[in-house]
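Coordinates as given in structure_26.txt (compact mmCIF, C-alpha atoms and all ligand atoms):
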# COMPACT_ATOMS: atom_id res chain seq x y z
CA MET A 139 -6.58 10.22 7.49
CA ARG A 140 -9.68 8.73 5.91
CA HIS A 141 -10.59 5.29 4.69
CA LEU A 142 -13.52 3.85 2.75
CA ILE A 143 -14.81 0.77 4.52
CA THR A 144 -18.60 0.93 4.05
CA PRO A 145 -20.69 2.76 1.43
CA LEU A 146 -22.10 5.00 4.15
CA ASP A 147 -18.71 6.28 5.35
CA PHE A 148 -19.24 9.37 3.19
CA THR A 149 -22.11 11.79 3.80
CA THR A 150 -24.31 12.69 0.84
CA ASP A 151 -22.54 16.07 0.70
CA GLU A 152 -19.15 14.39 0.54
CA LEU A 153 -20.49 12.08 -2.17
CA GLU A 154 -21.66 15.09 -4.19
CA LYS A 155 -18.10 16.41 -4.14
CA LEU A 156 -16.68 13.01 -5.04
CA PHE A 157 -19.08 12.60 -7.96
CA ASP A 158 -18.42 16.16 -9.22
CA LEU A 159 -14.74 15.32 -9.20
CA ALA A 160 -15.38 12.03 -11.03
CA ASN A 161 -17.34 13.88 -13.73
CA ASP A 162 -14.58 16.46 -14.05
CA ILE A 163 -12.07 13.63 -14.51
CA GLU A 164 -14.37 12.11 -17.14
CA ASN A 165 -14.43 15.38 -19.09
CA ASN A 166 -10.81 16.54 -18.56
CA LYS A 167 -8.72 13.42 -18.39
CA SER A 168 -5.44 15.09 -19.36
CA LYS A 169 -5.74 17.50 -16.45
CA TYR A 170 -5.40 14.55 -14.07
CA SER A 171 -2.95 12.36 -15.96
CA LYS A 172 0.10 13.24 -13.82
CA ILE A 173 -1.51 14.19 -10.54
CA CYS A 174 -0.43 10.98 -8.75
CA GLU A 175 3.12 10.94 -10.05
CA GLY A 176 5.40 9.39 -7.43
CA LYS A 177 2.47 7.75 -5.60
CA ILE A 178 1.90 4.01 -5.34
CA LEU A 179 -1.37 2.13 -4.94
CA ALA A 180 -1.19 -1.32 -3.35
CA THR A 181 -3.79 -3.83 -4.50
CA CYS A 182 -3.91 -6.48 -1.77
CA PHE A 183 -6.24 -9.18 -3.05
CA TYR A 184 -6.50 -12.19 -0.74
CA GLU A 185 -9.00 -13.69 -3.15
CA PRO A 186 -9.00 -13.22 -6.90
CA SER A 187 -11.27 -10.61 -8.43
CA THR A 188 -9.66 -9.59 -11.68
CA ARG A 189 -12.40 -7.16 -12.61
CA THR A 190 -12.19 -5.09 -9.44
CA ARG A 191 -8.40 -5.21 -9.28
CA LEU A 192 -7.99 -4.05 -12.87
CA SER A 193 -10.45 -1.22 -12.28
CA PHE A 194 -8.33 0.03 -9.35
CA GLU A 195 -5.08 -0.40 -11.26
CA SER A 196 -6.45 1.37 -14.32
CA ALA A 197 -7.62 4.23 -12.08
CA MET A 198 -4.18 4.70 -10.50
CA LEU A 199 -2.29 4.37 -13.80
CA GLN A 200 -4.54 6.96 -15.44
CA LEU A 201 -3.67 9.34 -12.61
CA GLY A 202 0.04 8.90 -13.36
CA GLY A 203 0.69 6.75 -10.30
CA GLN A 204 2.06 3.25 -10.01
CA VAL A 205 0.70 -0.01 -8.62
CA LEU A 206 1.98 -3.08 -6.86
CA GLY A 207 0.30 -5.90 -5.01
CA PHE A 208 -0.80 -9.50 -4.98
CA SER A 209 -3.85 -11.10 -6.51
CA ASP A 210 -4.54 -14.16 -4.37
CA ALA A 211 -3.79 -15.34 -0.84
CA GLY A 212 -1.35 -18.01 -2.06
CA SER A 213 1.12 -15.44 -3.33
CA SER A 214 0.90 -13.27 -0.21
CA SER A 215 2.34 -13.61 3.26
CA ALA A 216 -1.13 -14.62 4.48
CA SER A 217 -0.28 -18.14 3.35
CA LYS A 218 2.52 -18.04 5.94
CA GLY A 219 0.03 -17.04 8.60
CA GLU A 220 0.70 -13.31 8.76
CA SER A 221 -2.18 -11.25 10.14
CA VAL A 222 -3.99 -8.60 8.11
CA SER A 223 -2.71 -5.99 10.59
CA ASP A 224 0.93 -6.97 10.10
CA THR A 225 0.56 -7.12 6.32
CA ILE A 226 -0.97 -3.64 6.16
CA ARG A 227 1.82 -2.24 8.35
CA MET A 228 4.32 -3.58 5.83
CA ILE A 229 2.24 -2.30 2.89
CA SER A 230 2.06 1.11 4.61
CA ALA A 231 5.84 1.31 4.42
CA TYR A 232 5.89 0.50 0.69
CA THR A 233 2.94 2.45 -0.69
CA ASP A 234 0.68 5.51 -0.29
CA ILE A 235 -2.79 3.97 -0.47
CA CYS A 236 -4.22 0.44 -0.44
CA ALA A 237 -7.21 -1.31 -1.98
CA MET A 238 -7.88 -4.55 -0.13
CA ARG A 239 -10.06 -7.52 -0.95
CA HIS A 240 -10.36 -10.33 1.56
CA PRO A 241 -12.80 -13.24 1.98
CA LYS A 242 -13.49 -12.50 5.67
CA GLU A 243 -16.01 -9.93 6.83
CA GLY A 244 -14.52 -6.97 8.67
CA SER A 245 -11.01 -7.52 7.32
CA ALA A 246 -10.75 -4.09 5.67
CA MET A 247 -11.88 -2.47 8.90
CA VAL A 248 -9.14 -4.32 10.80
CA ALA A 249 -6.62 -3.17 8.18
CA SER A 250 -7.72 0.45 8.48
CA THR A 251 -7.06 0.50 12.23
CA ALA A 252 -3.49 -0.74 11.77
CA ALA A 253 -2.65 1.20 8.60
CA SER A 254 -0.79 4.47 8.33
CA ILE A 255 -2.11 4.94 4.77
CA PRO A 256 -5.73 5.23 3.52
CA VAL A 257 -7.44 1.83 3.05
CA ILE A 258 -10.17 1.21 0.50
CA ASN A 259 -12.37 -1.83 1.05
CA ALA A 260 -12.47 -3.61 -2.31
CA GLY A 261 -14.82 -6.27 -0.91
CA ASP A 262 -14.74 -8.09 2.44
CA GLY A 263 -16.51 -11.41 1.94
CA GLY A 264 -20.25 -11.08 1.61
CA HIS A 265 -20.20 -7.98 3.78
CA GLN A 266 -19.41 -4.72 1.95
CA HIS A 267 -18.19 -3.67 -1.46
CA PRO A 268 -18.42 0.13 -1.26
CA THR A 269 -16.73 1.01 -4.56
CA GLN A 270 -19.41 -0.99 -6.41
CA THR A 271 -22.09 1.09 -4.67
CA LEU A 272 -20.25 4.32 -5.48
CA THR A 273 -20.02 3.15 -9.10
CA ASP A 274 -23.78 2.52 -9.20
CA LEU A 275 -24.56 5.92 -7.69
CA LEU A 276 -22.20 7.78 -10.03
CA THR A 277 -23.69 5.99 -13.06
CA ILE A 278 -27.22 6.94 -12.06
CA ARG A 279 -26.25 10.53 -11.21
CA SER A 280 -24.27 11.00 -14.43
CA LEU A 281 -26.82 9.49 -16.79
CA LYS A 282 -30.04 10.57 -15.02
CA LYS A 283 -28.60 13.88 -13.78
CA ARG A 284 -30.08 13.24 -10.36
CA LEU A 285 -30.08 10.86 -7.39
CA ASN A 286 -33.61 11.60 -6.27
CA ASN A 287 -37.14 11.31 -7.56
CA PHE A 288 -37.16 8.05 -9.50
CA THR A 289 -38.51 4.53 -9.40
CA ILE A 290 -35.86 1.85 -9.39
CA GLY A 291 -36.54 -1.82 -10.07
CA LEU A 292 -34.15 -4.34 -8.55
CA CYS A 293 -34.41 -7.69 -10.24
CA GLY A 294 -33.06 -11.19 -9.61
CA ASP A 295 -31.40 -12.54 -6.49
CA LEU A 296 -32.41 -9.98 -3.88
CA LYS A 297 -31.79 -12.28 -0.93
CA PHE A 298 -28.05 -12.92 -1.23
CA GLY A 299 -27.17 -10.02 -3.49
CA ARG A 300 -24.82 -7.84 -1.48
CA THR A 301 -24.61 -5.15 -4.16
CA VAL A 302 -28.38 -4.76 -4.09
CA HIS A 303 -28.52 -4.37 -0.30
CA SER A 304 -25.75 -1.76 -0.30
CA LEU A 305 -27.37 0.16 -3.12
CA ILE A 306 -30.71 0.29 -1.30
CA ASN A 307 -29.01 1.52 1.90
CA ALA A 308 -27.28 4.23 -0.10
CA LEU A 309 -30.38 5.31 -2.05
CA VAL A 310 -32.66 5.70 0.97
CA ARG A 311 -30.59 8.77 1.89
CA TYR A 312 -32.07 10.61 -1.13
CA PRO A 313 -35.64 11.95 -1.35
CA ASP A 314 -38.45 10.48 -3.48
CA VAL A 315 -36.86 7.20 -4.45
CA LYS A 316 -39.36 4.35 -4.93
CA PHE A 317 -38.29 0.72 -4.93
CA VAL A 318 -39.73 -2.17 -6.90
CA PHE A 319 -38.36 -5.58 -5.91
CA ILE A 320 -38.63 -8.24 -8.61
CA SER A 321 -37.63 -11.72 -7.52
CA PRO A 322 -38.83 -15.29 -7.07
CA GLU A 323 -40.28 -16.10 -3.65
CA GLU A 324 -37.08 -18.00 -2.70
CA LEU A 325 -34.88 -14.98 -3.34
CA ARG A 326 -36.98 -12.19 -1.81
CA ILE A 327 -35.40 -9.12 -0.29
CA PRO A 328 -34.53 -9.78 3.40
CA ASP A 329 -37.00 -8.72 6.09
CA TYR A 330 -34.61 -6.29 7.75
CA ILE A 331 -34.57 -4.19 4.60
CA ILE A 332 -38.36 -4.26 4.34
CA GLU A 333 -38.56 -3.18 7.99
CA MET A 334 -36.09 -0.36 7.39
CA LEU A 335 -38.11 0.93 4.42
CA LYS A 336 -41.35 0.81 6.43
CA GLU A 337 -39.72 2.65 9.32
CA LYS A 338 -38.53 5.40 6.99
CA ASP A 339 -41.89 5.47 5.21
CA ILE A 340 -40.28 4.80 1.83
CA PRO A 341 -42.62 3.37 -0.84
CA PHE A 342 -41.82 -0.09 -2.22
CA GLU A 343 -43.52 -3.06 -3.81
CA GLU A 344 -42.61 -6.69 -4.34
CA VAL A 345 -43.51 -8.58 -7.51
CA ILE A 346 -42.69 -11.91 -9.13
CA ARG A 347 -42.66 -10.96 -12.81
CA LEU A 348 -40.48 -8.29 -14.39
CA GLU A 349 -42.98 -7.68 -17.24
CA ASP A 350 -45.64 -6.51 -14.83
CA VAL A 351 -43.67 -3.49 -13.67
CA MET A 352 -41.48 -2.57 -16.65
CA PRO A 353 -43.53 0.50 -17.74
CA LYS A 354 -43.19 2.29 -14.41
CA LEU A 355 -39.42 1.97 -13.98
CA ASP A 356 -36.91 4.78 -14.46
CA LEU A 357 -34.03 2.45 -13.66
CA LEU A 358 -33.68 -1.31 -13.76
CA TYR A 359 -30.87 -2.93 -11.76
CA MET A 360 -30.40 -6.50 -12.95
CA THR A 361 -28.61 -9.24 -11.01
CA ARG A 362 -28.01 -12.88 -11.70
CA VAL A 363 -30.38 -15.63 -10.59
CA GLN A 364 -28.23 -18.65 -9.91
CA ARG A 365 -29.55 -22.13 -10.54
CA GLU A 366 -28.15 -23.44 -7.25
CA ARG A 367 -30.24 -20.96 -5.23
CA PHE A 368 -33.41 -22.82 -6.14
CA PHE A 369 -34.84 -25.68 -4.18
CA ASN A 370 -35.47 -27.73 -7.27
CA GLU A 371 -34.82 -27.76 -10.99
CA GLN A 372 -38.54 -27.44 -11.86
CA ASP A 373 -38.86 -24.10 -10.06
CA TYR A 374 -35.75 -22.84 -11.76
CA VAL A 375 -36.98 -23.78 -15.21
CA ARG A 376 -40.44 -22.36 -14.48
CA LEU A 377 -39.18 -19.03 -13.16
CA LYS A 378 -35.91 -18.23 -14.87
CA ASP A 379 -37.46 -16.52 -17.90
CA PHE A 380 -39.19 -13.98 -15.67
CA TYR A 381 -35.75 -12.65 -14.81
CA ILE A 382 -34.15 -12.60 -18.21
CA LEU A 383 -34.18 -9.21 -19.85
CA ASP A 384 -34.72 -9.35 -23.59
CA LYS A 385 -35.92 -7.12 -26.43
CA ALA A 386 -39.58 -7.96 -25.84
CA LYS A 387 -39.43 -6.81 -22.23
CA MET A 388 -37.48 -3.69 -23.20
CA LYS A 389 -40.38 -2.74 -25.51
CA LEU A 390 -42.54 -2.28 -22.40
CA ALA A 391 -40.07 0.11 -20.77
CA LYS A 392 -39.90 3.90 -20.81
CA GLU A 393 -37.88 5.57 -23.56
CA ASP A 394 -35.35 6.89 -21.06
CA MET A 395 -35.21 3.96 -18.67
CA LEU A 396 -31.68 2.75 -17.91
CA VAL A 397 -30.52 -0.83 -17.38
CA LEU A 398 -27.69 -1.34 -14.88
CA HIS A 399 -25.87 -4.54 -13.91
CA PRO A 400 -22.84 -5.00 -11.62
CA LEU A 401 -21.36 -7.53 -14.10
CA PRO A 402 -20.33 -10.17 -14.94
CA ARG A 403 -23.60 -11.20 -16.52
CA VAL A 404 -24.29 -14.73 -17.57
CA ASN A 405 -27.59 -14.94 -19.41
CA GLU A 406 -29.90 -12.66 -17.42
CA ILE A 407 -29.51 -9.92 -20.00
CA SER A 408 -29.84 -11.18 -23.52
CA ILE A 409 -27.06 -9.85 -25.78
CA GLU A 410 -29.71 -8.43 -28.13
CA VAL A 411 -30.28 -5.76 -25.45
CA ASP A 412 -26.64 -4.56 -25.60
CA SER A 413 -27.27 -2.34 -28.62
CA ASP A 414 -30.30 -0.68 -26.98
CA PRO A 415 -29.32 2.90 -26.00
CA ARG A 416 -30.91 2.27 -22.63
CA ALA A 417 -28.40 -0.47 -21.79
CA ALA A 418 -25.98 1.33 -19.47
CA TYR A 419 -24.02 -1.57 -17.97
CA PHE A 420 -20.90 -1.11 -20.07
CA ARG A 421 -20.89 2.64 -19.41
CA GLN A 422 -21.21 1.67 -15.73
CA VAL A 423 -17.77 -0.02 -15.97
CA LYS A 424 -16.24 3.29 -17.10
CA TYR A 425 -17.87 5.12 -14.22
CA GLY A 426 -16.33 2.48 -11.96
CA VAL A 427 -12.89 3.68 -13.00
CA TYR A 428 -13.77 7.39 -12.72
CA VAL A 429 -15.20 6.97 -9.25
CA ARG A 430 -12.08 5.07 -8.13
CA MET A 431 -9.89 7.82 -9.58
CA ALA A 432 -11.88 10.42 -7.66
CA LEU A 433 -11.70 8.30 -4.53
CA ILE A 434 -7.92 7.86 -4.72
CA LEU A 435 -7.48 11.62 -5.17
CA THR A 436 -9.84 12.39 -2.31
CA LEU A 437 -8.23 9.96 0.14
CA LEU A 438 -4.73 11.11 -0.83
CA GLU A 439 -5.95 14.70 -0.35
CA LEU A 440 -4.81 15.62 -3.84
CA ALA A 441 -8.23 16.79 -5.04
CA MET B 704 -22.86 -23.01 58.92
CA LEU B 705 -22.87 -20.64 56.00
CA ASN B 706 -25.77 -18.26 55.98
CA VAL B 707 -26.98 -17.96 52.40
CA GLY B 708 -29.91 -15.81 53.41
CA LYS B 709 -28.03 -12.67 54.26
CA ILE B 710 -24.82 -11.01 53.30
CA GLU B 711 -23.15 -8.12 55.08
CA GLU B 712 -21.28 -6.27 52.35
CA GLY B 713 -21.71 -6.83 48.65
CA PHE B 714 -24.56 -7.12 46.19
CA VAL B 715 -27.46 -9.29 45.18
CA LEU B 716 -28.54 -9.92 41.61
CA ASP B 717 -32.28 -10.45 41.65
CA HIS B 718 -34.80 -11.42 38.96
CA ILE B 719 -32.38 -13.55 36.98
CA PRO B 720 -34.37 -15.77 34.61
CA ALA B 721 -34.54 -19.26 36.16
CA GLY B 722 -31.59 -21.42 35.13
CA LYS B 723 -29.40 -18.55 33.93
CA SER B 724 -27.50 -17.84 37.16
CA LEU B 725 -24.60 -20.12 36.38
CA ALA B 726 -24.03 -18.53 32.98
CA ILE B 727 -23.99 -15.12 34.62
CA TYR B 728 -21.61 -16.43 37.29
CA HIS B 729 -19.16 -17.33 34.54
CA HIS B 730 -19.63 -14.20 32.44
CA LEU B 731 -19.01 -12.00 35.51
CA GLN B 732 -15.89 -14.10 36.13
CA LEU B 733 -16.91 -14.66 39.74
CA ASP B 734 -14.94 -17.89 39.66
CA LYS B 735 -11.80 -15.74 39.65
CA LEU B 736 -12.67 -13.94 42.92
CA ASP B 737 -12.10 -15.49 46.33
CA CYS B 738 -15.20 -13.99 47.94
CA THR B 739 -18.34 -15.79 49.08
CA VAL B 740 -20.88 -16.37 46.33
CA ALA B 741 -24.30 -17.94 46.82
CA ILE B 742 -26.19 -19.19 43.81
CA ILE B 743 -29.88 -19.69 44.41
CA LYS B 744 -31.78 -21.52 41.74
CA ASN B 745 -35.50 -21.70 41.11
CA ALA B 746 -36.56 -19.37 43.91
CA ARG B 747 -40.25 -18.51 43.92
CA SER B 748 -41.14 -15.17 42.38
CA ASN B 749 -44.46 -13.38 42.12
CA LYS B 750 -43.36 -11.61 39.00
CA MET B 751 -41.58 -14.42 37.17
CA GLY B 752 -42.90 -17.67 38.66
CA LYS B 753 -39.37 -18.97 39.14
CA LYS B 754 -36.16 -16.99 39.26
CA ASP B 755 -32.49 -17.30 40.15
CA LEU B 756 -30.48 -15.10 42.51
CA LEU B 757 -26.79 -14.48 42.95
CA LYS B 758 -25.47 -13.17 46.26
CA VAL B 759 -21.92 -11.94 46.13
CA GLU B 760 -19.92 -10.76 49.11
CA CYS B 761 -17.47 -8.38 47.45
CA ASP B 762 -17.08 -4.76 46.40
CA ILE B 763 -19.46 -4.13 43.52
CA ASN B 764 -16.83 -2.00 41.80
CA LEU B 765 -14.79 -5.13 41.14
CA ILE B 766 -17.52 -6.40 38.84
CA ASP B 767 -18.23 -5.36 35.27
CA MET B 768 -21.91 -4.49 35.50
CA ASP B 769 -22.05 -3.80 31.76
CA VAL B 770 -22.17 -7.52 31.21
CA ILE B 771 -25.38 -7.85 33.20
CA ALA B 772 -27.00 -5.03 31.26
CA VAL B 773 -26.22 -6.76 27.99
CA ILE B 774 -27.32 -10.19 29.21
CA ASP B 775 -30.67 -9.08 30.60
CA HIS B 776 -31.79 -5.56 31.26
CA ASN B 777 -34.45 -6.73 33.73
CA ILE B 778 -32.04 -8.12 36.30
CA THR B 779 -32.02 -6.01 39.48
CA VAL B 780 -28.78 -5.15 41.24
CA ASN B 781 -29.15 -4.48 44.98
CA VAL B 782 -26.14 -3.03 46.78
CA ILE B 783 -25.82 -4.33 50.35
CA LYS B 784 -24.10 -2.55 53.25
CA ASN B 785 -24.27 -3.72 56.89
CA GLY B 786 -26.76 -6.38 55.87
CA GLU B 787 -29.23 -3.92 54.36
CA ILE B 788 -30.09 -2.97 50.80
CA VAL B 789 -28.75 0.57 50.52
CA SER B 790 -29.33 1.17 46.82
CA LYS B 791 -30.32 -0.33 43.52
CA LYS B 792 -27.75 0.04 40.82
CA GLU B 793 -29.17 1.13 37.48
CA LEU B 794 -28.09 -0.92 34.53
CA ILE B 795 -26.97 1.15 31.58
CA LEU B 796 -26.38 -0.44 28.21
CA PRO B 797 -22.69 0.05 27.41
CA LYS B 798 -21.79 1.56 24.03
CA GLU B 799 -19.18 -1.11 23.51
CA ILE B 800 -18.36 -4.49 25.05
CA LYS B 801 -14.90 -5.87 24.67
CA ASN B 802 -13.66 -9.44 25.04
CA ILE B 803 -16.66 -10.78 26.93
CA PHE B 804 -18.61 -12.35 24.11
CA LYS B 805 -17.20 -13.91 20.99
CA CYS B 806 -18.49 -13.26 17.48
CA LYS B 807 -19.98 -16.51 16.20
CA ASN B 808 -20.10 -15.58 12.53
CA PRO B 809 -17.85 -18.11 10.78
CA ARG B 810 -17.20 -15.59 8.00
CA CYS B 811 -15.96 -12.93 10.45
CA ILE B 812 -12.29 -11.92 10.40
CA THR B 813 -12.12 -12.76 14.14
CA SER B 814 -12.69 -16.41 13.22
CA ILE B 815 -9.22 -16.64 11.65
CA GLU B 816 -7.25 -13.97 13.51
CA GLN B 817 -7.15 -15.07 17.14
CA GLU B 818 -5.34 -12.05 18.55
CA LEU B 819 -8.09 -9.59 17.57
CA PRO B 820 -10.22 -8.34 20.47
CA HIS B 821 -13.89 -9.32 20.21
CA ILE B 822 -15.81 -6.07 20.27
CA PHE B 823 -19.56 -5.49 20.05
CA VAL B 824 -21.00 -2.04 19.51
CA LEU B 825 -24.48 -0.88 20.53
CA SER B 826 -26.13 -0.16 17.18
CA ASP B 827 -29.71 0.36 18.33
CA GLY B 828 -30.24 1.50 21.92
CA LYS B 829 -34.03 1.19 21.75
CA LYS B 830 -34.03 -2.38 20.51
CA GLU B 831 -30.89 -3.23 22.51
CA VAL B 832 -29.09 -4.51 19.45
CA TYR B 833 -25.37 -5.08 19.52
CA ARG B 834 -23.33 -5.75 16.41
CA CYS B 835 -19.83 -7.12 15.91
CA LYS B 836 -17.50 -4.19 15.26
CA TYR B 837 -15.95 -6.07 12.33
CA CYS B 838 -18.61 -8.04 10.47
CA GLU B 839 -21.68 -6.19 11.88
CA GLU B 840 -23.40 -9.49 12.62
CA LYS B 841 -26.17 -9.04 15.17
CA PHE B 842 -25.32 -10.38 18.59
CA ASP B 843 -28.02 -12.69 19.87
CA THR B 844 -28.20 -12.31 23.65
CA ARG B 845 -29.85 -15.71 23.94
CA SER B 846 -26.92 -17.40 22.29
CA PHE B 847 -24.53 -17.48 25.24
CA PHE B 848 -26.83 -19.08 27.81
ZN ZN A 901 -17.89 -10.61 13.70
Starting from the file, give its structure as structure tokens.
Ligand SMILES: [Zn+2]
Amino acid sequence: MRHLITPLDFTTDELEKLFDLANDIENNKSKYSKICEGKILATCFYEPSTRTRLSFESAMLQLGGQVLGFSDAGSSSASKGESVSDTIRMISAYTDICAMRHPKEGSAMVASTAASIPVINAGDGGHQHPTQTLTDLLTIRSLKKRLNNFTIGLCGDLKFGRTVHSLINALVRYPDVKFVFISPEELRIPDYIIEMLKEKDIPFEEVIRLEDVMPKLDLLYMTRVQRERFFNEQDYVRLKDFYILDKAKMKLAKEDMLVLHPLPRVNEISIEVDSDPRAAYFRQVKYGVYVRMALILTLLELA
Amino acid sequence: MLNVGKIEEGFVLDHIPAGKSLAIYHHLQLDKLDCTVAIIKNARSNKMGKKDLLKVECDINLIDMDVIAVIDHNITVNVIKNGEIVSKKELILPKEIKNIFKCKNPRCITSIEQELPHIFVLSDGKKEVYRCKYCEEKFDTRSFF
């Protein structure tokens, strides 16, 4: 039995198969609409994340399966002090597969060792969120038709941004990917990632202003720059516009560049960009459902 | 009078960084054995200036040598038989260490679920890096002294 706990649990070959399946689901939805009949997905959310939970539930419902679960710790047995291991044993008796979100790091891994059903990590604190990474990869692969040979800009909070770190770790497994890190000094990419890139001899550069690098990017991954991450208000006011994507900055970009964002956005992408054909962040949400559908089928061995 | 200079059967841990012998004494759980243990602090050393030594009069197989490897690879383990050093035991970094060190990451699942074993896994043999099996936080070998 397999689980998905970290984005690197699947080899690149296994990911190819998963993404092919996701694209087949995208193009032949009716073929898959009853495939999970009689199966139940548990969504065990110890902290609320409506977006992720709905994506999982939509995925299972579109496969003809059913869902049950809880959406915050207060309504679960965790509030009575039950351990993750005991909860997953109970859930294993009720359902066929489980997506778990928990504020503590390593919780999904603990669940997977006690479970008798496949466990999908739907986020364990600031640690891993593998289905977001799979969503990002599927979006790039589907829209760019490749996962190699491009220059990707990662913009915003690169220090605390878990999705960014996971995406980098996943992308370094593919050839000819160049990285451009765009962030204020305070929110630079962590040293351990820089060291890893140097060790693997992967080209990267670090810049402060998004405008300076726009023309060379094939992909732009935007993240939010939060006010509270700055040391003082002056720095925030001085720097924030560098990290807001608007029409003027889009003019500098390639015709076929794509803009991705894990969502929710606040103001880092101006709404005037939404109508630009290069804005791919809402299509990304759809790929999030397709990749979860493919993942459920793969882990249930129904694919 | 107790002779701390020589032991008949047992082992000597040499080249312990000065001041660390007591921490090692506890991590090896020597307090739970009823054999003779001599702790020598601040002995002179050509190599290190000052060093600590631990002389333990018990079967070396009763001790978890993995702990020493994780704490400090440079510590030497001399096996003593009939008052003589008969061999030096090589320290090999264990792939996994269980329930000896605790994960100190406050965001780790082990911080709220007490019954979970604390496990560290060797993630980089060259750099001697261990990571918590659950949260993958790096284990800092200096942190437990
Ligand atoms: Zn931990």
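Taking all atoms listed in the file into account, ligand ZN 901 (chain A) has within 6 Å the residues Cys806, Asn808, Cys811, Cys835, Tyr837, Cys838 and Glu840 of chain B.
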Proximal residues of chain A relative to chain B (all atoms listed in the file; 12 Å) as a ChimeraX atom specification: /A:143-144,216,219-224,240-252,262-266,330
Atom-to-atom span, atom CA of Ala417 of chain A and atom CA of Leu390 of chain A, Å: 14.3 Å
Can you find the residues with an atom no farther than 12 Å from (-36.7, -11.7, 31.2), counting all atoms listed in the file, and report them as an mmCIF file with C-alpha atoms, in the frame of the given file?
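result33.cif, written as the output of this step:
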data_model
loop_
_atom_site.group_PDB
_atom_site.id
_atom_site.type_symbol
_atom_site.label_atom_id
_atom_site.label_comp_id
_atom_site.auth_asym_id
_atom_site.auth_seq_id
_atom_site.Cartn_x
_atom_site.Cartn_y
_atom_site.Cartn_z
ATOM 1 C CA ASP B 717 -32.280 -10.450 41.650
ATOM 2 C CA HIS B 718 -34.800 -11.420 38.960
ATOM 3 C CA ILE B 719 -32.380 -13.550 36.980
ATOM 4 C CA PRO B 720 -34.370 -15.770 34.610
ATOM 5 C CA ALA B 721 -34.540 -19.260 36.160
ATOM 6 C CA GLY B 722 -31.590 -21.420 35.130
ATOM 7 C CA LYS B 723 -29.400 -18.550 33.930
ATOM 8 C CA LYS B 750 -43.360 -11.610 39.000
ATOM 9 C CA MET B 751 -41.580 -14.420 37.170
ATOM 10 C CA GLY B 752 -42.900 -17.670 38.660
ATOM 11 C CA LYS B 753 -39.370 -18.970 39.140
ATOM 12 C CA LYS B 754 -36.160 -16.990 39.260
ATOM 13 C CA ASP B 755 -32.490 -17.300 40.150
ATOM 14 C CA ALA B 772 -27.000 -5.030 31.260
ATOM 15 C CA ILE B 774 -27.320 -10.190 29.210
ATOM 16 C CA ASP B 775 -30.670 -9.080 30.600
ATOM 17 C CA HIS B 776 -31.790 -5.560 31.260
ATOM 18 C CA ASN B 777 -34.450 -6.730 33.730
ATOM 19 C CA ILE B 778 -32.040 -8.120 36.300
ATOM 20 C CA THR B 779 -32.020 -6.010 39.480
ATOM 21 C CA THR B 844 -28.200 -12.310 23.650
ATOM 22 C CA ARG B 845 -29.850 -15.710 23.940
#
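A search radius of 9 Å centred on (-27.4, -1.0, 46.1), applied to only C-alpha atoms, returns the residues Gly713, Phe714, Val715, Ile763, Val780, Asn781, Val782, Ile783, Lys784, Glu787, Ile788, Val789, Ser790, Lys791 and Lys792 of chain B.
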Shell around Leu796 of chain B at 8 Å using only C-alpha atoms, local window under 3 positions removed, as a PyMOL selection string: chain B and resi 769+772-773+825+828+831
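You will find atom CA of Met198 of chain A at 15.8 Å from atom CA of Asn166 of chain A.
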Between atom CA of Leu716 of chain B and atom CA of His730 of chain B, distance in Å (one decimal): 13.5 Å
Selected residue of minimal separation from Leu765 of chain B among B:Leu794, B:Glu712, B:Ser748, B:Leu731, counting all atoms listed in the file: B:Leu731
